[in-house]
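S.K.: Sharing run.json, JSON, C-alpha atoms:
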```json
[["chain", "number", "residue", "atom", "x", "y", "z"],
["A", 75, "MET", "CA", 16.24, 68.21, 133.24],
["A", 76, "ASP", "CA", 15.07, 67.25, 129.76],
["A", 77, "THR", "CA", 11.48, 67.96, 128.85],
["A", 78, "ALA", "CA", 9.41, 65.07, 127.60],
["A", 79, "SER", "CA", 8.69, 64.98, 123.88],
["A", 80, "SER", "CA", 5.46, 66.74, 122.93],
["A", 81, "TRP", "CA", 4.45, 63.59, 121.02],
["A", 82, "VAL", "CA", 4.90, 61.40, 124.10],
["A", 83, "ARG", "CA", 3.15, 63.97, 126.34],
["A", 84, "ARG", "CA", 0.21, 64.01, 123.94],
["A", 85, "TRP", "CA", -0.32, 60.25, 123.71],
["A", 86, "ALA", "CA", 0.88, 58.96, 127.12],
["A", 87, "PRO", "CA", -2.57, 59.53, 128.68],
["A", 88, "LEU", "CA", -3.97, 56.80, 126.38],
["A", 89, "VAL", "CA", -1.73, 54.14, 127.95],
["A", 90, "PRO", "CA", -3.94, 51.89, 130.11],
["A", 91, "SER", "CA", -3.06, 51.09, 133.71],
["A", 92, "GLY", "CA", -0.07, 48.84, 134.12],
["A", 93, "GLU", "CA", 3.67, 48.63, 133.69],
["A", 94, "VAL", "CA", 5.30, 50.75, 131.00],
["A", 95, "LEU", "CA", 8.65, 50.18, 129.31],
["A", 96, "ASP", "CA", 10.74, 53.25, 128.47],
["A", 97, "LEU", "CA", 13.12, 51.66, 125.97],
["A", 98, "ALA", "CA", 16.53, 53.31, 125.49],
["A", 99, "CYS", "CA", 15.38, 55.72, 128.19],
["A", 100, "GLY", "CA", 18.45, 57.94, 128.38],
["A", 101, "SER", "CA", 18.15, 60.26, 131.37],
["A", 102, "GLY", "CA", 14.52, 59.21, 131.96],
["A", 103, "ARG", "CA", 12.50, 62.19, 130.76],
["A", 104, "HIS", "CA", 9.68, 59.91, 129.58],
["A", 105, "ALA", "CA", 9.99, 57.52, 132.50],
["A", 106, "ARG", "CA", 9.32, 60.45, 134.87],
["A", 107, "LEU", "CA", 6.30, 61.55, 132.81],
["A", 108, "LEU", "CA", 4.81, 58.06, 132.82],
["A", 109, "ALA", "CA", 5.48, 57.57, 136.53],
["A", 110, "ALA", "CA", 3.76, 60.91, 137.20],
["A", 111, "LEU", "CA", 0.74, 59.52, 135.33],
["A", 112, "GLY", "CA", 0.65, 56.64, 137.83],
["A", 113, "HIS", "CA", 2.38, 53.89, 135.88],
["A", 114, "PRO", "CA", 5.05, 51.65, 137.30],
["A", 115, "VAL", "CA", 7.90, 52.20, 134.83],
["A", 116, "LEU", "CA", 10.82, 50.06, 133.75],
["A", 117, "ALA", "CA", 13.47, 52.35, 132.28],
["A", 118, "LEU", "CA", 15.97, 50.40, 130.16],
["A", 119, "ASP", "CA", 19.24, 51.67, 128.73],
["A", 120, "ARG", "CA", 22.76, 50.37, 128.22],
["A", 121, "ASP", "CA", 24.30, 53.53, 129.65],
["A", 122, "ARG", "CA", 24.83, 53.18, 133.40],
["A", 123, "GLN", "CA", 25.38, 56.92, 133.83],
["A", 124, "ALA", "CA", 22.12, 57.78, 132.07],
["A", 125, "LEU", "CA", 20.26, 55.24, 134.20],
["A", 126, "ALA", "CA", 21.56, 56.91, 137.37],
["A", 127, "ALA", "CA", 19.65, 60.02, 136.29],
["A", 128, "ALA", "CA", 16.59, 58.06, 135.13],
["A", 129, "GLY", "CA", 15.61, 56.52, 138.45],
["A", 130, "GLY", "CA", 13.01, 57.96, 140.76],
["A", 131, "PRO", "CA", 9.69, 57.22, 142.46],
["A", 132, "GLY", "CA", 7.78, 54.59, 140.51],
["A", 133, "ILE", "CA", 10.73, 53.94, 138.18],
["A", 134, "ARG", "CA", 12.84, 50.81, 138.16],
["A", 135, "THR", "CA", 15.95, 50.90, 135.99],
["A", 136, "MET", "CA", 17.58, 48.11, 134.02],
["A", 137, "GLU", "CA", 21.01, 48.24, 132.45],
["A", 138, "TYR", "CA", 21.00, 46.09, 129.33],
["A", 139, "ASP", "CA", 22.60, 46.29, 125.90],
["A", 140, "LEU", "CA", 19.90, 45.18, 123.47],
["A", 141, "GLU", "CA", 22.37, 45.33, 120.59],
["A", 142, "ALA", "CA", 25.10, 43.17, 122.11],
["A", 143, "GLU", "CA", 25.81, 40.13, 119.97],
["A", 144, "GLY", "CA", 23.61, 37.25, 121.06],
["A", 145, "ALA", "CA", 21.68, 39.37, 123.59],
["A", 146, "PRO", "CA", 18.17, 37.97, 123.83],
["A", 147, "TRP", "CA", 15.13, 40.21, 124.10],
["A", 148, "PRO", "CA", 14.63, 40.21, 127.89],
["A", 149, "PHE", "CA", 10.83, 40.50, 128.11],
["A", 150, "GLU", "CA", 7.96, 38.09, 127.69],
["A", 151, "ALA", "CA", 5.05, 38.56, 125.32],
["A", 152, "GLY", "CA", 2.19, 40.73, 126.51],
["A", 153, "ARG", "CA", 4.02, 42.18, 129.53],
["A", 154, "PHE", "CA", 3.66, 45.95, 129.06],
["A", 155, "ALA", "CA", 0.58, 48.17, 129.11],
["A", 156, "GLY", "CA", 2.68, 50.71, 127.26],
["A", 157, "ILE", "CA", 6.00, 50.99, 125.49],
["A", 158, "VAL", "CA", 7.65, 54.33, 124.76],
["A", 159, "VAL", "CA", 10.61, 54.66, 122.40],
["A", 160, "THR", "CA", 12.19, 57.92, 121.26],
["A", 161, "ASN", "CA", 15.34, 58.66, 119.27],
["A", 162, "TYR", "CA", 16.23, 54.98, 118.99],
["A", 163, "LEU", "CA", 16.00, 52.44, 116.19],
["A", 164, "HIS", "CA", 17.35, 48.90, 116.07],
["A", 165, "ARG", "CA", 15.22, 47.07, 113.51],
["A", 166, "PRO", "CA", 15.96, 43.51, 114.69],
["A", 167, "LEU", "CA", 14.16, 44.31, 117.97],
["A", 168, "MET", "CA", 10.89, 45.43, 116.41],
["A", 169, "PRO", "CA", 9.05, 42.09, 116.28],
["A", 170, "ALA", "CA", 9.91, 41.23, 119.91],
["A", 171, "LEU", "CA", 9.12, 44.76, 121.05],
["A", 172, "MET", "CA", 5.67, 44.57, 119.46],
["A", 173, "LYS", "CA", 5.02, 41.16, 121.04],
["A", 174, "SER", "CA", 5.89, 42.51, 124.50],
["A", 175, "LEU", "CA", 3.00, 44.96, 124.30],
["A", 176, "ALA", "CA", -0.12, 43.72, 126.08],
["A", 177, "PRO", "CA", -3.07, 43.03, 123.73],
["A", 178, "GLY", "CA", -4.73, 46.21, 125.03],
["A", 179, "GLY", "CA", -1.51, 48.20, 125.31],
["A", 180, "VAL", "CA", -0.28, 51.35, 123.59],
["A", 181, "LEU", "CA", 2.99, 51.94, 121.75],
["A", 182, "VAL", "CA", 4.30, 55.51, 121.47],
["A", 183, "TYR", "CA", 7.28, 55.71, 119.11],
["A", 184, "GLU", "CA", 9.21, 58.69, 117.74],
["A", 185, "THR", "CA", 12.53, 58.56, 115.95],
["A", 186, "PHE", "CA", 14.55, 59.86, 113.05],
["A", 187, "ALA", "CA", 13.70, 59.24, 109.40],
["A", 188, "VAL", "CA", 15.45, 59.40, 106.05],
["A", 189, "GLY", "CA", 16.05, 63.05, 105.31],
["A", 190, "ASN", "CA", 17.47, 63.75, 108.76],
["A", 191, "GLU", "CA", 20.98, 63.67, 107.31],
["A", 192, "VAL", "CA", 20.54, 67.28, 106.16],
["A", 193, "PHE", "CA", 20.12, 68.29, 109.81],
["A", 194, "GLY", "CA", 23.08, 66.32, 111.18],
["A", 195, "LYS", "CA", 23.15, 63.09, 113.14],
["A", 196, "PRO", "CA", 21.97, 60.49, 112.91],
["A", 197, "SER", "CA", 22.74, 60.31, 109.23],
["A", 198, "ASN", "CA", 23.52, 56.60, 108.91],
["A", 199, "PRO", "CA", 20.64, 54.82, 107.09],
["A", 200, "LEU", "CA", 20.77, 52.07, 109.73],
["A", 201, "PHE", "CA", 19.33, 54.59, 112.20],
["A", 202, "LEU", "CA", 16.81, 56.30, 109.91],
["A", 203, "LEU", "CA", 13.32, 55.04, 109.16],
["A", 204, "GLY", "CA", 12.36, 54.68, 105.51],
["A", 205, "ALA", "CA", 9.12, 56.09, 104.10],
["A", 206, "GLY", "CA", 6.18, 54.48, 105.91],
["A", 207, "GLU", "CA", 8.45, 52.06, 107.75],
["A", 208, "LEU", "CA", 7.05, 52.72, 111.21],
["A", 209, "LEU", "CA", 3.51, 52.21, 109.91],
["A", 210, "GLU", "CA", 4.54, 48.92, 108.32],
["A", 211, "GLN", "CA", 6.22, 47.74, 111.54],
["A", 212, "ALA", "CA", 3.02, 48.47, 113.47],
["A", 213, "ARG", "CA", 0.91, 46.61, 110.90],
["A", 214, "GLU", "CA", 3.22, 43.61, 110.98],
["A", 215, "GLY", "CA", 3.04, 43.68, 114.78],
["A", 216, "GLY", "CA", -0.76, 43.47, 114.68],
["A", 217, "LEU", "CA", -1.26, 47.00, 116.01],
["A", 218, "ARG", "CA", -3.90, 49.53, 115.01],
["A", 219, "VAL", "CA", -2.65, 53.05, 114.37],
["A", 220, "ILE", "CA", -4.16, 55.86, 116.42],
["A", 221, "ALA", "CA", -1.90, 58.60, 115.05],
["A", 222, "PHE", "CA", 1.08, 58.93, 112.71],
["A", 223, "GLU", "CA", 3.25, 61.81, 111.55],
["A", 224, "ASP", "CA", 6.12, 61.92, 109.11],
["A", 225, "GLY", "CA", 7.89, 65.21, 108.60],
["A", 226, "VAL", "CA", 10.24, 67.88, 109.86],
["A", 227, "THR", "CA", 10.13, 69.29, 113.38],
["A", 228, "ASP", "CA", 12.00, 72.20, 114.90],
["A", 229, "GLU", "CA", 11.72, 71.03, 118.52],
["A", 230, "PRO", "CA", 13.85, 70.31, 120.39],
["A", 231, "THR", "CA", 16.14, 70.78, 117.37],
["A", 232, "PRO", "CA", 15.46, 70.57, 113.62],
["A", 233, "ALA", "CA", 15.05, 66.94, 112.57],
["A", 234, "ARG", "CA", 13.17, 64.68, 110.16],
["A", 235, "VAL", "CA", 11.10, 62.22, 112.18],
["A", 236, "GLN", "CA", 8.36, 59.65, 112.12],
["A", 237, "ARG", "CA", 5.98, 59.45, 115.05],
["A", 238, "LEU", "CA", 3.47, 56.74, 115.83],
["A", 239, "CYS", "CA", 0.88, 55.98, 118.46],
["A", 240, "ALA", "CA", -0.65, 52.54, 118.01],
["A", 241, "ALA", "CA", -2.59, 50.08, 120.14],
["A", 242, "GLY", "CA", -3.03, 46.35, 120.41],
["A", 243, "PRO", "CA", -6.16, 44.61, 119.13],
["A", 244, "ALA", "CA", -7.80, 44.49, 122.58],
["A", 245, "TYR", "CA", -7.36, 48.21, 123.30],
["A", 246, "ALA", "CA", -10.48, 49.85, 124.76],
["A", 247, "TRP", "CA", -11.16, 52.19, 121.83],
["A", 248, "SER", "CA", -13.74, 54.10, 123.87],
["A", 249, "ASP", "CA", -10.73, 55.38, 125.90],
["A", 250, "ALA", "CA", -9.17, 57.01, 122.83],
["A", 251, "LYS", "CA", -10.84, 60.37, 123.43],
["A", 252, "LEU", "CA", -8.66, 62.41, 121.13],
["A", 253, "ASP", "CA", -10.38, 65.76, 121.65],
["A", 254, "HIS", "CA", -9.74, 65.54, 125.40],
["A", 255, "LEU", "CA", -6.01, 65.00, 125.05],
["A", 256, "SER", "CA", -5.14, 68.58, 124.18],
["A", 257, "ARG", "CA", -7.16, 69.91, 127.13],
["A", 258, "GLN", "CA", -5.72, 67.45, 129.65],
["A", 259, "LYS", "CA", -3.35, 68.66, 132.34],
["A", 260, "GLN", "CA", 0.02, 67.03, 131.89],
["A", 261, "PRO", "CA", 2.51, 66.41, 134.70]]
```
For the structure just supplied, provide its representation as structure tokens.
M.R.:
Amino acid sequence: MDTASSWVRRWAPLVPSGEVLDLACGSGRHARLLAALGHPVLALDRDRQALAAAGGPGIRTMEYDLEAEGAPWPFEAGRFAGIVVTNYLHRPLMPALMKSLAPGGVLVYETFAVGNEVFGKPSNPLFLLGAGELLEQAREGGLRVIAFEDGVTDEPTPARVQRLCAAGPAYAWSDAKLDHLSRQKQP
């Protein structure tokens, strides 16, 4: 079983109560983490086989190809208390994704950035964030940044990444107790 990303484990406790979307969920490592934190989770992926592994208590799966020609974004504005995305980038979805976050919701995003080509795949610029791109997407989506990183990581394998945790304008900022996050027990 895949271990949840350390970035997602760190920031998931800030997601307020409510439904969480695990976008491009793969085998569901983050869906399981979020469900263990008490959230009802919608795990979305286009890969039926991956979704079979992603299901579990508190997790509903949805097979959907967000990149299929003419495929509409399937969620209404303000639906999710949290959205988690890792190792996935399809820029045309970003505005709709941001709108689907509840005004007090939290977005946790981590994916590859320019410079990753020296480590292997992905190496196609279509799948690599440019300098500051994730920050700009959050700003354009009306989100306030809680945390951001841009650099090289060795875990789970060497990669160049950008990581973001951001919240909607109605987020209860008194809940963003950053010093408590590292001491919190994680599922």
S.K.: Report as a VMD selection string all protein, DNA and RNA residues lying within 12 Å of A:Gly102, evaluated on all atoms listed in the file, omitting residues in the same chain fewer than 5 positions from it.
M.R.: chain A and resid 75 to 79 95 to 97 107 to 109 115 to 119 121 123 to 136 158 to 160
S.K.: Just the residues within 9 Å of stretch 172-178 of chain A, please, counting only C-alpha atoms, with nothing from its chain fewer than 2 positions along; format it as a ChimeraX atom specification.
M.R.: /A:89-90,149-157,167-170,180-181,211-212,214-217,241-246
S.K.: When you look at A:Glu207 with a cut-off of 10 Å (counting only C-alpha atoms), what residues show up, excluding the ones that are within fewer than 6 positions of it in the same chain? I need them as number ranges by chain.
M.R.: A: 187, 213, 236
S.K.: Neighbourhood query: residues within 9 Å of (6.4, 61.7, 107.9), file coordinates, counting all atoms listed in the file; return as a list of chain:residue names.
M.R.: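 Returned residue set, sorted by chain then number, is A:Ala187, A:Ala205, A:Gly206, A:Phe222, A:Glu223, A:Asp224, A:Gly225, A:Val226, A:Arg234, A:Val235, A:Gln236, A:Arg237.
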S.K.: For atom CA of A:Gly179 and atom CA of A:Thr227, quote the distance in Å rounded to one decimal.
M.R.: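 Distance reported for this atom pair: 26.9 Å.
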S.K.: What is the atom CA of A:Leu209-atom CA of A:Tyr183 distance in Å, reported with one decimal?
M.R.: 10.5 Å
S.K.: Separation of atom CA of A:Ala240 and atom CA of A:Glu141, in Å?
M.R.: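 It comes out at 24.3 Å.
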S.K.: Given the choices A:Ser248, A:His104, A:Pro199, A:Ala98, which gets closest to A:Tyr138 if the distance is worked out from only C-alpha atoms?
M.R.: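 Closest residue, counting only C-alpha atoms: A:Ala98.
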S.K.: For each of A:Pro232, A:Pro166, A:Leu203, A:Asp249, take the minimum atom-to-atom distance to A:Ser91, counting only C-alpha atoms, then give the residue where this is smallest.
M.R.: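 Smallest distance to A:Ser91 is found for A:Asp249.
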S.K.: May I ask which of the residues A:Ile220, A:Leu171, A:Arg103, A:Pro148 is the closest one to A:Ala250, counting all atoms listed in the file?
M.R.: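 Closest to A:Ala250 of all the choices is A:Ile220.
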S.K.: List as a list in words the protein and nucleic acid residues near A:His113, meaning an atom at most 7 Å away when all atoms listed in the file are counted, but skip any in the same chain fewer than 6 places from it.
M.R.: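 Contacts, with the query itself left out: Ser91, Gly92, Glu93 and Val94 of chain A.
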